[in-house]
$ cat structure.txt   # compact mmCIF, C-alpha atoms
# COMPACT_ATOMS: atom_id res chain seq x y z
CA MET Y 1 59.00 107.26 103.42
CA LEU Y 2 60.30 105.94 100.11
CA PHE Y 3 58.36 106.18 96.89
CA LEU Y 4 59.09 104.43 93.60
CA LYS Y 5 62.27 105.77 91.99
CA ASN Y 6 62.99 105.44 88.30
CA ILE Y 7 66.70 104.78 87.82
CA SER Y 8 68.99 105.07 84.80
CA ILE Y 9 72.35 103.30 85.01
CA LEU Y 10 75.27 104.32 82.85
CA GLY Y 11 77.68 101.38 82.90
CA SER Y 12 75.30 98.65 84.02
CA THR Y 13 77.59 95.73 83.12
CA GLY Y 14 80.57 96.98 85.15
CA SER Y 15 81.32 96.31 88.79
CA ILE Y 16 79.30 99.24 90.19
CA GLY Y 17 76.45 98.75 87.72
CA LYS Y 18 76.05 95.06 88.52
CA GLN Y 19 76.06 95.72 92.26
CA ALA Y 20 73.48 98.47 91.79
CA LEU Y 21 71.23 95.98 90.05
CA GLU Y 22 71.68 93.60 93.00
CA VAL Y 23 70.25 96.35 95.21
CA VAL Y 24 67.39 96.94 92.77
CA ARG Y 25 66.50 93.24 92.74
CA GLU Y 26 66.01 93.30 96.51
CA TYR Y 27 63.47 96.14 96.31
CA PRO Y 28 61.37 95.90 93.13
CA ASP Y 29 58.62 97.92 94.84
CA ILE Y 30 61.01 100.84 95.41
CA PHE Y 31 63.25 100.85 92.32
CA ASN Y 32 62.40 100.71 88.63
CA ILE Y 33 65.09 100.56 85.94
CA VAL Y 34 64.34 102.82 82.96
CA ALA Y 35 67.72 102.83 81.17
CA LEU Y 36 70.89 100.73 80.97
CA SER Y 37 74.17 101.00 79.09
CA THR Y 38 77.39 99.13 78.40
CA ASN Y 39 80.55 99.65 76.41
CA LYS Y 40 80.98 96.24 74.76
CA ASN Y 41 79.34 93.54 76.90
CA ARG Y 42 76.31 93.01 74.69
CA ARG Y 43 75.38 89.57 76.03
CA LEU Y 44 75.18 90.70 79.63
CA LEU Y 45 73.33 93.85 78.59
CA LEU Y 46 70.85 91.66 76.71
CA GLU Y 47 70.23 89.63 79.87
CA GLN Y 48 69.72 92.83 81.85
CA ILE Y 49 67.33 94.24 79.25
CA ASN Y 50 65.21 91.10 79.27
CA GLU Y 51 65.15 91.08 83.08
CA PHE Y 52 64.49 94.76 83.83
CA GLN Y 53 62.73 95.83 80.61
CA PRO Y 54 64.05 99.41 80.51
CA GLU Y 55 62.72 102.06 78.17
CA ILE Y 56 66.09 102.46 76.48
CA ALA Y 57 69.46 100.71 76.33
CA VAL Y 58 72.77 101.92 74.93
CA ILE Y 59 75.90 100.21 73.65
CA THR Y 60 78.96 101.86 72.11
CA ASP Y 61 79.21 100.16 68.72
CA ALA Y 62 76.50 100.44 66.03
CA GLU Y 63 76.91 96.77 65.03
CA ASP Y 64 76.37 95.68 68.62
CA ALA Y 65 73.29 97.90 68.78
CA ALA Y 66 71.91 96.17 65.66
CA TRP Y 67 72.60 92.77 67.27
CA LEU Y 68 70.70 93.79 70.40
CA LYS Y 69 67.71 94.95 68.39
CA LEU Y 70 67.51 91.50 66.81
CA HIS Y 71 67.68 89.65 70.14
CA ILE Y 72 65.78 91.66 72.74
CA GLN Y 73 62.41 90.37 73.88
CA THR Y 74 61.10 93.70 75.15
CA ARG Y 75 60.00 97.05 73.71
CA THR Y 76 63.28 98.63 74.76
CA LYS Y 77 64.68 101.18 72.32
CA VAL Y 78 68.36 100.65 71.53
CA TYR Y 79 70.84 103.46 70.87
CA ASN Y 80 74.58 103.56 70.42
CA GLY Y 81 77.50 105.92 71.11
CA MET Y 82 77.64 109.19 73.03
CA ASN Y 83 74.26 110.27 71.68
CA GLY Y 84 72.79 107.24 73.36
CA LEU Y 85 74.48 108.06 76.68
CA VAL Y 86 73.02 111.55 76.50
CA GLU Y 87 69.58 110.01 75.86
CA ILE Y 88 69.98 108.09 79.13
CA ALA Y 89 71.20 111.14 81.03
CA THR Y 90 68.22 113.22 79.93
CA LEU Y 91 65.47 110.58 79.85
CA PRO Y 92 62.32 112.39 81.07
CA SER Y 93 61.05 109.47 83.16
CA ALA Y 94 64.29 109.04 85.16
CA ASP Y 95 64.41 110.39 88.72
CA ILE Y 96 68.05 109.57 89.33
CA VAL Y 97 70.97 108.78 87.02
CA LEU Y 98 73.73 106.52 88.35
CA ASN Y 99 76.89 107.30 86.38
CA ALA Y 100 79.14 104.24 86.74
CA LEU Y 101 81.09 104.76 83.52
CA VAL Y 102 84.87 104.41 83.62
CA GLY Y 103 86.99 107.35 82.54
CA SER Y 104 86.40 110.84 81.23
CA ILE Y 105 83.75 109.54 78.84
CA GLY Y 106 81.45 110.01 81.83
CA LEU Y 107 81.87 113.81 81.81
CA THR Y 108 79.29 114.67 79.14
CA PRO Y 109 76.56 112.39 80.57
CA SER Y 110 77.18 113.83 84.07
CA TYR Y 111 76.88 117.37 82.71
CA LYS Y 112 73.72 116.55 80.75
CA THR Y 113 72.18 114.88 83.82
CA VAL Y 114 72.49 117.92 86.06
CA GLU Y 115 71.67 120.30 83.21
CA SER Y 116 68.38 118.46 82.73
CA GLY Y 117 67.58 118.85 86.44
CA LYS Y 118 68.04 115.23 87.48
CA THR Y 119 69.74 113.86 90.57
CA LEU Y 120 73.20 112.51 89.75
CA ALA Y 121 74.50 109.52 91.71
CA LEU Y 122 78.17 109.77 90.84
CA ALA Y 123 80.53 106.81 90.71
CA ASN Y 124 82.44 108.30 87.77
CA LYS Y 125 85.02 110.37 89.65
CA GLU Y 126 86.60 111.53 86.38
CA SER Y 127 83.56 113.77 85.78
CA LEU Y 128 84.65 116.00 88.65
CA VAL Y 129 88.38 115.53 88.17
CA VAL Y 130 88.19 116.76 84.57
CA GLY Y 131 85.25 119.18 84.76
CA GLY Y 132 84.41 119.68 88.42
CA GLU Y 133 83.81 123.41 88.22
CA LEU Y 134 81.49 123.02 85.23
CA ILE Y 135 79.52 120.12 86.76
CA MET Y 136 79.07 121.62 90.23
CA ASN Y 137 78.18 125.10 88.97
CA THR Y 138 75.58 123.60 86.64
CA ALA Y 139 74.17 121.47 89.48
CA LYS Y 140 73.84 124.57 91.68
CA LYS Y 141 72.24 126.52 88.84
CA HIS Y 142 69.58 123.84 88.38
CA ASN Y 143 69.30 123.07 92.12
CA VAL Y 144 70.00 119.35 91.80
CA ASP Y 145 71.90 116.95 94.05
CA VAL Y 146 75.20 115.32 93.15
CA LEU Y 147 75.28 112.28 95.44
CA PRO Y 148 78.66 110.55 95.88
CA VAL Y 149 78.84 106.79 95.31
CA ASP Y 150 82.58 106.28 95.86
CA SER Y 151 82.85 104.75 99.33
CA GLU Y 152 85.21 107.49 100.57
CA HIS Y 153 83.04 110.40 99.45
CA SER Y 154 79.86 108.69 100.57
CA ALA Y 155 81.51 108.35 103.99
CA ILE Y 156 82.34 112.08 104.12
CA PHE Y 157 78.83 112.91 102.91
CA GLN Y 158 77.34 110.80 105.70
CA CYS Y 159 79.68 112.27 108.34
CA LEU Y 160 78.58 115.79 107.38
CA ARG Y 161 74.84 115.14 107.69
CA GLY Y 162 73.42 117.57 110.22
CA GLU Y 163 76.77 119.35 110.69
CA ASN Y 164 77.66 122.98 110.01
CA ILE Y 165 80.01 122.80 107.03
CA ASN Y 166 81.78 125.93 108.31
CA SER Y 167 83.05 123.98 111.34
CA LEU Y 168 84.85 121.45 109.12
CA THR Y 169 88.63 121.74 109.31
CA SER Y 170 89.68 118.74 107.20
CA VAL Y 171 88.58 115.50 105.59
CA ILE Y 172 90.69 112.36 105.80
CA LEU Y 173 90.38 110.00 102.85
CA THR Y 174 91.47 106.47 103.71
CA ALA Y 175 93.39 104.27 101.27
CA SER Y 176 93.94 100.53 101.47
CA GLY Y 177 97.47 100.94 100.14
CA GLY Y 178 96.70 98.49 97.34
CA PRO Y 179 98.60 95.31 96.45
CA PHE Y 180 102.04 96.98 96.65
CA ARG Y 181 101.66 98.58 100.09
CA ASN Y 182 104.46 96.54 101.71
CA LEU Y 183 106.84 96.39 98.74
CA SER Y 184 109.97 98.49 98.24
CA LYS Y 185 110.24 100.83 95.27
CA LYS Y 186 112.53 98.38 93.51
CA GLU Y 187 110.13 95.46 94.14
CA ILE Y 188 107.22 97.51 92.81
CA GLU Y 189 109.13 98.48 89.67
CA PHE Y 190 109.85 94.86 88.76
CA SER Y 191 106.46 93.41 89.75
CA HIS Y 192 104.39 92.07 86.87
CA PRO Y 193 101.22 94.08 86.08
CA SER Y 194 99.16 90.99 86.93
CA LYS Y 195 100.12 91.52 90.58
CA ALA Y 196 98.83 95.08 90.44
CA LEU Y 197 95.45 93.69 89.36
CA LYS Y 198 95.03 91.72 92.60
CA HIS Y 199 93.52 94.17 95.08
CA PRO Y 200 93.57 92.92 98.69
CA ASN Y 201 90.13 94.23 99.70
CA TRP Y 202 87.93 95.36 96.80
CA SER Y 203 86.64 93.66 93.67
CA MET Y 204 86.81 96.27 90.90
CA GLY Y 205 87.44 96.73 87.21
CA GLN Y 206 90.95 96.69 85.73
CA LYS Y 207 91.38 100.47 85.38
CA ILE Y 208 90.44 101.36 88.94
CA THR Y 209 92.43 98.41 90.32
CA ILE Y 210 95.61 99.63 88.63
CA ASP Y 211 94.83 103.17 89.81
CA SER Y 212 94.58 101.78 93.33
CA ALA Y 213 97.99 100.12 92.98
CA THR Y 214 99.58 103.41 91.83
CA MET Y 215 97.45 105.46 94.27
CA MET Y 216 96.27 107.57 91.35
CA ASN Y 217 92.77 106.50 92.35
CA LYS Y 218 93.25 108.23 95.69
CA GLY Y 219 94.65 111.25 93.90
CA LEU Y 220 91.57 111.45 91.70
CA GLU Y 221 89.42 111.11 94.83
CA VAL Y 222 91.28 114.04 96.40
CA ILE Y 223 90.29 116.24 93.44
CA GLU Y 224 86.75 114.86 93.52
CA ALA Y 225 86.48 115.71 97.22
CA LYS Y 226 87.54 119.29 96.50
CA TRP Y 227 84.55 119.80 94.21
CA LEU Y 228 81.97 117.77 96.11
CA PHE Y 229 82.60 119.50 99.43
CA ASP Y 230 84.09 122.84 98.32
CA LEU Y 231 87.50 122.25 99.93
CA ASN Y 232 91.03 123.51 99.40
CA ALA Y 233 94.18 121.37 99.27
CA GLU Y 234 95.10 122.03 102.90
CA GLN Y 235 91.75 120.59 104.03
CA ILE Y 236 92.23 117.21 102.32
CA LYS Y 237 94.42 114.50 103.85
CA VAL Y 238 95.10 110.88 102.91
CA LEU Y 239 95.81 108.07 105.36
CA VAL Y 240 96.62 104.45 104.55
CA HIS Y 241 94.22 102.11 106.34
CA PRO Y 242 94.86 98.50 105.21
CA GLU Y 243 91.63 96.99 106.57
CA SER Y 244 89.35 99.34 104.56
CA ILE Y 245 86.84 99.46 107.44
CA ILE Y 246 86.93 103.21 108.04
CA HIS Y 247 86.03 104.65 104.67
CA SER Y 248 86.81 108.26 105.49
CA MET Y 249 86.75 110.74 108.39
CA VAL Y 250 85.89 114.38 108.97
CA GLU Y 251 87.68 116.59 111.49
CA PHE Y 252 85.91 119.61 113.00
CA SER Y 253 87.07 122.84 114.60
CA ASP Y 254 86.71 121.43 118.14
CA THR Y 255 89.12 118.58 117.13
CA SER Y 256 86.30 116.02 117.07
CA VAL Y 257 86.68 113.42 114.32
CA ILE Y 258 83.65 111.58 112.93
CA ALA Y 259 84.19 108.44 110.86
CA GLN Y 260 81.98 106.15 108.78
CA LEU Y 261 82.73 102.43 109.15
CA GLY Y 262 81.58 99.34 107.28
CA TRP Y 263 82.76 96.25 105.47
CA PRO Y 264 84.31 96.95 102.04
CA ASP Y 265 81.01 96.37 100.20
CA MET Y 266 80.14 98.86 97.46
CA ARG Y 267 76.46 98.04 97.73
CA ILE Y 268 76.38 100.13 100.93
CA PRO Y 269 77.23 103.50 99.34
CA ILE Y 270 75.32 102.59 96.16
CA GLN Y 271 72.14 101.87 98.09
CA PHE Y 272 72.52 104.99 100.24
CA ALA Y 273 72.76 107.16 97.13
CA LEU Y 274 69.69 105.51 95.60
CA THR Y 275 67.58 105.81 98.77
CA TYR Y 276 68.87 109.16 100.04
CA PRO Y 277 67.82 110.74 102.36
CA GLU Y 278 66.39 107.50 103.76
CA ARG Y 279 68.17 104.30 104.84
CA ILE Y 280 66.76 100.81 104.29
CA TYR Y 281 67.86 97.30 105.18
CA LEU Y 282 70.77 95.83 103.21
CA LYS Y 283 71.30 92.10 103.13
CA THR Y 284 74.99 91.89 104.03
CA ASP Y 285 77.24 90.98 106.95
CA LYS Y 286 77.15 93.32 109.93
CA LEU Y 287 80.37 94.93 111.04
CA ASP Y 288 81.93 93.03 113.96
CA LEU Y 289 84.75 95.12 115.42
CA ALA Y 290 85.56 92.51 118.06
CA SER Y 291 86.40 89.98 115.35
CA ILE Y 292 88.60 92.54 113.58
CA SER Y 293 90.26 93.39 116.93
CA GLN Y 294 92.41 96.24 115.58
CA LEU Y 295 92.53 98.90 112.89
CA ASN Y 296 95.85 100.14 111.49
CA PHE Y 297 96.93 103.42 109.93
CA GLU Y 298 100.04 104.55 108.07
CA LYS Y 299 101.31 107.68 106.37
CA VAL Y 300 101.41 107.67 102.58
CA ASP Y 301 104.86 107.27 101.02
CA THR Y 302 104.73 109.50 97.96
CA LYS Y 303 108.24 108.41 96.93
CA ARG Y 304 106.89 104.92 96.29
CA PHE Y 305 103.54 106.25 95.06
CA PRO Y 306 104.29 109.57 93.31
CA ASN Y 307 100.95 109.70 91.50
CA LEU Y 308 99.24 110.94 94.66
CA GLN Y 309 101.53 113.96 94.84
CA LEU Y 310 100.99 114.62 91.12
CA ALA Y 311 97.24 114.76 91.80
CA PHE Y 312 97.71 117.28 94.62
CA ASP Y 313 99.93 119.33 92.30
CA ALA Y 314 97.30 119.27 89.55
CA MET Y 315 94.57 120.28 91.99
CA GLU Y 316 96.58 123.24 93.28
CA LYS Y 317 97.34 124.47 89.76
CA GLY Y 318 93.67 124.07 88.88
CA GLY Y 319 92.04 124.98 85.60
CA THR Y 320 92.81 122.41 82.91
CA MET Y 321 95.68 120.73 84.77
CA PRO Y 322 93.53 118.00 86.42
CA CYS Y 323 92.21 117.19 82.94
CA VAL Y 324 95.81 116.69 81.77
CA LEU Y 325 96.59 114.48 84.76
CA ASN Y 326 93.53 112.29 84.23
CA SER Y 327 93.85 112.05 80.46
CA ALA Y 328 97.50 111.03 80.65
CA ASN Y 329 96.71 108.39 83.25
CA GLU Y 330 93.84 106.98 81.19
CA GLU Y 331 96.16 106.58 78.22
CA LEU Y 332 98.99 105.02 80.23
CA VAL Y 333 97.13 102.43 82.33
CA PRO Y 334 96.37 100.13 79.35
CA LEU Y 335 100.00 100.49 78.22
CA TYR Y 336 101.14 99.40 81.67
CA ILE Y 337 98.85 96.37 81.64
CA GLU Y 338 100.26 95.43 78.22
CA GLY Y 339 103.82 95.81 79.52
CA ILE Y 340 104.69 98.69 77.20
CA VAL Y 341 105.50 101.10 80.04
CA SER Y 342 106.63 100.29 83.58
CA PHE Y 343 105.01 101.26 86.88
CA TYR Y 344 107.15 104.34 87.47
CA GLN Y 345 107.32 105.33 83.82
CA MET Y 346 103.62 106.15 84.12
CA SER Y 347 104.36 108.75 86.81
CA GLU Y 348 107.37 110.11 84.91
CA ILE Y 349 105.38 110.63 81.72
CA ILE Y 350 102.43 112.22 83.54
CA ASP Y 351 104.85 114.60 85.27
CA LYS Y 352 106.52 115.55 81.96
CA ILE Y 353 103.19 116.23 80.24
CA MET Y 354 101.96 118.34 83.16
CA ASN Y 355 105.17 120.37 82.99
CA CYS Y 356 104.58 120.94 79.27
CA HIS Y 357 101.05 122.25 79.85
CA GLN Y 358 100.16 125.81 80.76
CA SER Y 359 96.98 125.51 82.79
CA VAL Y 360 94.10 127.75 81.71
CA THR Y 361 90.52 128.26 82.82
CA TYR Y 362 87.77 126.54 80.84
CA SER Y 363 84.06 127.02 80.31
CA SER Y 364 82.98 124.14 78.07
CA ILE Y 365 83.34 120.41 77.57
CA GLN Y 366 84.74 121.03 74.10
CA GLU Y 367 87.74 122.85 75.56
CA LEU Y 368 88.44 119.91 77.87
CA GLN Y 369 88.14 117.46 74.97
CA GLU Y 370 90.72 119.48 73.04
CA ILE Y 371 93.09 119.17 76.01
CA GLU Y 372 92.56 115.40 76.02
CA THR Y 373 93.41 115.22 72.31
CA TRP Y 374 96.61 117.17 72.97
CA VAL Y 375 97.57 114.77 75.79
CA LYS Y 376 97.06 111.75 73.54
CA ARG Y 377 99.42 113.27 70.96
CA GLN Y 378 102.02 113.92 73.65
CA ILE Y 379 101.90 110.36 74.90
CA SER Y 380 102.17 109.00 71.36
CA GLU Y 381 105.39 110.96 70.96
CA TYR Y 382 106.80 109.63 74.25
CA ILE Y 383 105.92 106.02 73.48

$ encode --input "structure.txt" --output "structure tokens"
Amino acid sequence: MLFLKNISILGSTGSIGKQALEVVREYPDIFNIVALSTNKNRRLLLEQINEFQPEIAVITDAEDAAWLKLHIQTRTKVYNGMNGLVEIATLPSADIVLNALVGSIGLTPSYKTVESGKTLALANKESLVVGGELIMNTAKKHNVDVLPVDSEHSAIFQCLRGENINSLTSVILTASGGPFRNLSKKEIEFSHPSKALKHPNWSMGQKITIDSATMMNKGLEVIEAKWLFDLNAEQIKVLVHPESIIHSMVEFSDTSVIAQLGWPDMRIPIQFALTYPERIYLKTDKLDLASISQLNFEKVDTKRFPNLQLAFDAMEKGGTMPCVLNSANEELVPLYIEGIVSFYQMSEIIDKIMNCHQSVTYSSIQELQEIETWVKRQISEYI
């Protein structure tokens, strides 16, 4: 039986945030929005504030925060910057915090959410890529759930329900292959970045769409899976599945494989995280396998998509190396979109920076932030 849940959304004007609010609109008797945030989209945030009347709202820039205060028609308190994001993550009235921020900026709010004893619905994979050990240890310490929202990790999470985790032998993350799946390495290199922004199956923001084209997104998901499900590198596999119907699979010791299937609709894993452990009706098309007729699978070509191998390498080295991988990628994706670096120059630079870094263990967010600052300096020198 579901009771009213108070929800905070970090990144409410992005793709995941907007789809989460679609789910909330369908069930106003089950969900109540208590906090919202955006980076720069003040007009859409204003509309959301006036519609959902949250306790607090956050925007990055102080001038935008002042503009919101002048225009809101509710009693919503407006904050700005990281302090505001922490306010959302620790808001006493919130039952669950959906972190849909893009990039490593989501790390501190994720940490503060679990530290304050709140359920974390995680769509910000960078939180675990950069600081997975810190986040998961803190969640265990405070006995709180970290519920995956990425479709692949939600699929694994669902496949493991009721199973003995000790009988798991491997997880198989599926990848669409992105817009360059059928192109040669030479064709990929000379394709305009605008083509990389046209994903064949999913509607997402620019950063994650480019990451899908380079398969860095899948690499980040590999590292995320390690922390969510306590896996080692040998237990995580990646398989290209162009239709994006099977979202991931789990293989067990008796060779049985359990898969989770569904249309590529992010509202499905979003809603499951918000209603967990219950399921409720979702207004969307039902899966019709007869109309699809066949599902296809391919091995990943890491020569054409070297970022995936770089992610495995970073995961195996551990410590601060995944932070280096992620930080370098975050800096390079905008440069690729602007045409300053090419598709494969991104991989080359990430590889060089990883080779320059001696991975060490970490125990605080500040240490990880210092690593990110170092990576930015390195990239500035390369560019």

$ closest_residue --input "structure.txt" --among "Y:Asp301, Y:Glu331, Y:Glu221, Y:Glu152" --to "Ser248 in chain Y" --atoms "all atoms listed in the file"
Y:Glu152

$ residues_around --input "structure.txt" --residues "Asp254 in chain Y" --least-positions-apart "2" --cutoff "12 Å" --atoms "all atoms listed in the file" --output "PDB file with C-alpha atoms, keeping the file's coordinate frame"
ATOM      1  CA  ASN Y 166      81.780 125.930 108.310  1.00  0.00           C
ATOM      2  CA  SER Y 167      83.050 123.980 111.340  1.00  0.00           C
ATOM      3  CA  LEU Y 168      84.850 121.450 109.120  1.00  0.00           C
ATOM      4  CA  THR Y 169      88.630 121.740 109.310  1.00  0.00           C
ATOM      5  CA  SER Y 170      89.680 118.740 107.200  1.00  0.00           C
ATOM      6  CA  VAL Y 250      85.890 114.380 108.970  1.00  0.00           C
ATOM      7  CA  GLU Y 251      87.680 116.590 111.490  1.00  0.00           C
ATOM      8  CA  PHE Y 252      85.910 119.610 113.000  1.00  0.00           C
ATOM      9  CA  SER Y 256      86.300 116.020 117.070  1.00  0.00           C
ATOM     10  CA  VAL Y 257      86.680 113.420 114.320  1.00  0.00           C
ATOM     11  CA  ILE Y 258      83.650 111.580 112.930  1.00  0.00           C
TER      12      ILE Y 258
END

$ closest_residue --input "structure.txt" --among "Y:Ile337, Y:Arg43, Y:Ile88, Y:Ile33" --to "Val58 in chain Y" --atoms "only C-alpha atoms"
Y:Ile88

$ closest_residue --input "structure.txt" --among "Y:Leu261, Y:Ala100, Y:Ala89, Y:Ala139" --to "His241 in chain Y" --atoms "all atoms listed in the file"
Y:Leu261

$ atom_distance --input "structure.txt" --atom1 "CA of Lys303 in chain Y" --atom2 "CA of Gly205 in chain Y"
25.8 Å

$ build_atoms --input "structure.txt" --residues "range 84-93 of chain Y" --atoms "all heavy atoms" --output "compact mmCIF listing (two decimals), in the frame of the given file"
# COMPACT_ATOMS: atom_id res chain seq x y z
N GLY Y 84 73.59 108.13 72.55
CA GLY Y 84 72.79 107.24 73.36
C GLY Y 84 72.97 107.51 74.85
O GLY Y 84 72.01 107.49 75.62
N LEU Y 85 74.22 107.75 75.27
CA LEU Y 85 74.48 108.06 76.68
C LEU Y 85 73.77 109.34 77.11
O LEU Y 85 73.26 109.44 78.23
CB LEU Y 85 75.98 108.17 76.93
CG LEU Y 85 76.80 106.90 76.68
CD1 LEU Y 85 78.28 107.17 76.98
CD2 LEU Y 85 76.30 105.72 77.51
N VAL Y 86 73.73 110.31 76.21
CA VAL Y 86 73.02 111.55 76.50
C VAL Y 86 71.51 111.30 76.60
O VAL Y 86 70.82 111.90 77.44
CB VAL Y 86 73.34 112.62 75.44
CG1 VAL Y 86 72.44 113.85 75.60
CG2 VAL Y 86 74.81 113.02 75.52
N GLU Y 87 71.00 110.39 75.76
CA GLU Y 87 69.58 110.01 75.86
C GLU Y 87 69.27 109.48 77.26
O GLU Y 87 68.24 109.80 77.86
CB GLU Y 87 69.24 108.95 74.81
CG GLU Y 87 69.16 109.45 73.39
CD GLU Y 87 67.90 110.23 73.10
OE1 GLU Y 87 66.93 110.11 73.88
OE2 GLU Y 87 67.89 110.98 72.11
N ILE Y 88 70.17 108.63 77.78
CA ILE Y 88 69.98 108.09 79.13
C ILE Y 88 70.03 109.20 80.17
O ILE Y 88 69.20 109.27 81.08
CB ILE Y 88 71.06 107.02 79.45
CG1 ILE Y 88 70.76 105.74 78.67
CG2 ILE Y 88 71.13 106.74 80.95
CD1 ILE Y 88 71.73 104.61 78.96
N ALA Y 89 71.01 110.08 80.04
CA ALA Y 89 71.20 111.14 81.03
C ALA Y 89 70.03 112.11 81.09
O ALA Y 89 69.77 112.72 82.13
CB ALA Y 89 72.49 111.91 80.72
N THR Y 90 69.31 112.24 80.00
CA THR Y 90 68.22 113.22 79.93
C THR Y 90 66.84 112.58 79.82
O THR Y 90 65.87 113.29 79.55
CB THR Y 90 68.45 114.17 78.73
OG1 THR Y 90 68.51 113.39 77.52
CG2 THR Y 90 69.75 114.94 78.89
N LEU Y 91 66.75 111.28 80.01
CA LEU Y 91 65.47 110.58 79.85
C LEU Y 91 64.42 111.19 80.78
O LEU Y 91 64.61 111.23 82.00
CB LEU Y 91 65.66 109.09 80.18
CG LEU Y 91 64.47 108.18 79.91
CD1 LEU Y 91 64.16 108.12 78.42
CD2 LEU Y 91 64.76 106.77 80.44
N PRO Y 92 63.31 111.68 80.25
CA PRO Y 92 62.32 112.39 81.07
C PRO Y 92 61.80 111.58 82.26
O PRO Y 92 61.53 112.14 83.33
CB PRO Y 92 61.20 112.70 80.08
CG PRO Y 92 61.89 112.77 78.75
CD PRO Y 92 62.96 111.73 78.82
N SER Y 93 61.65 110.28 82.09
CA SER Y 93 61.05 109.47 83.16
C SER Y 93 62.01 109.16 84.30
O SER Y 93 61.58 108.72 85.37
CB SER Y 93 60.53 108.15 82.58
OG SER Y 93 61.60 107.41 82.00
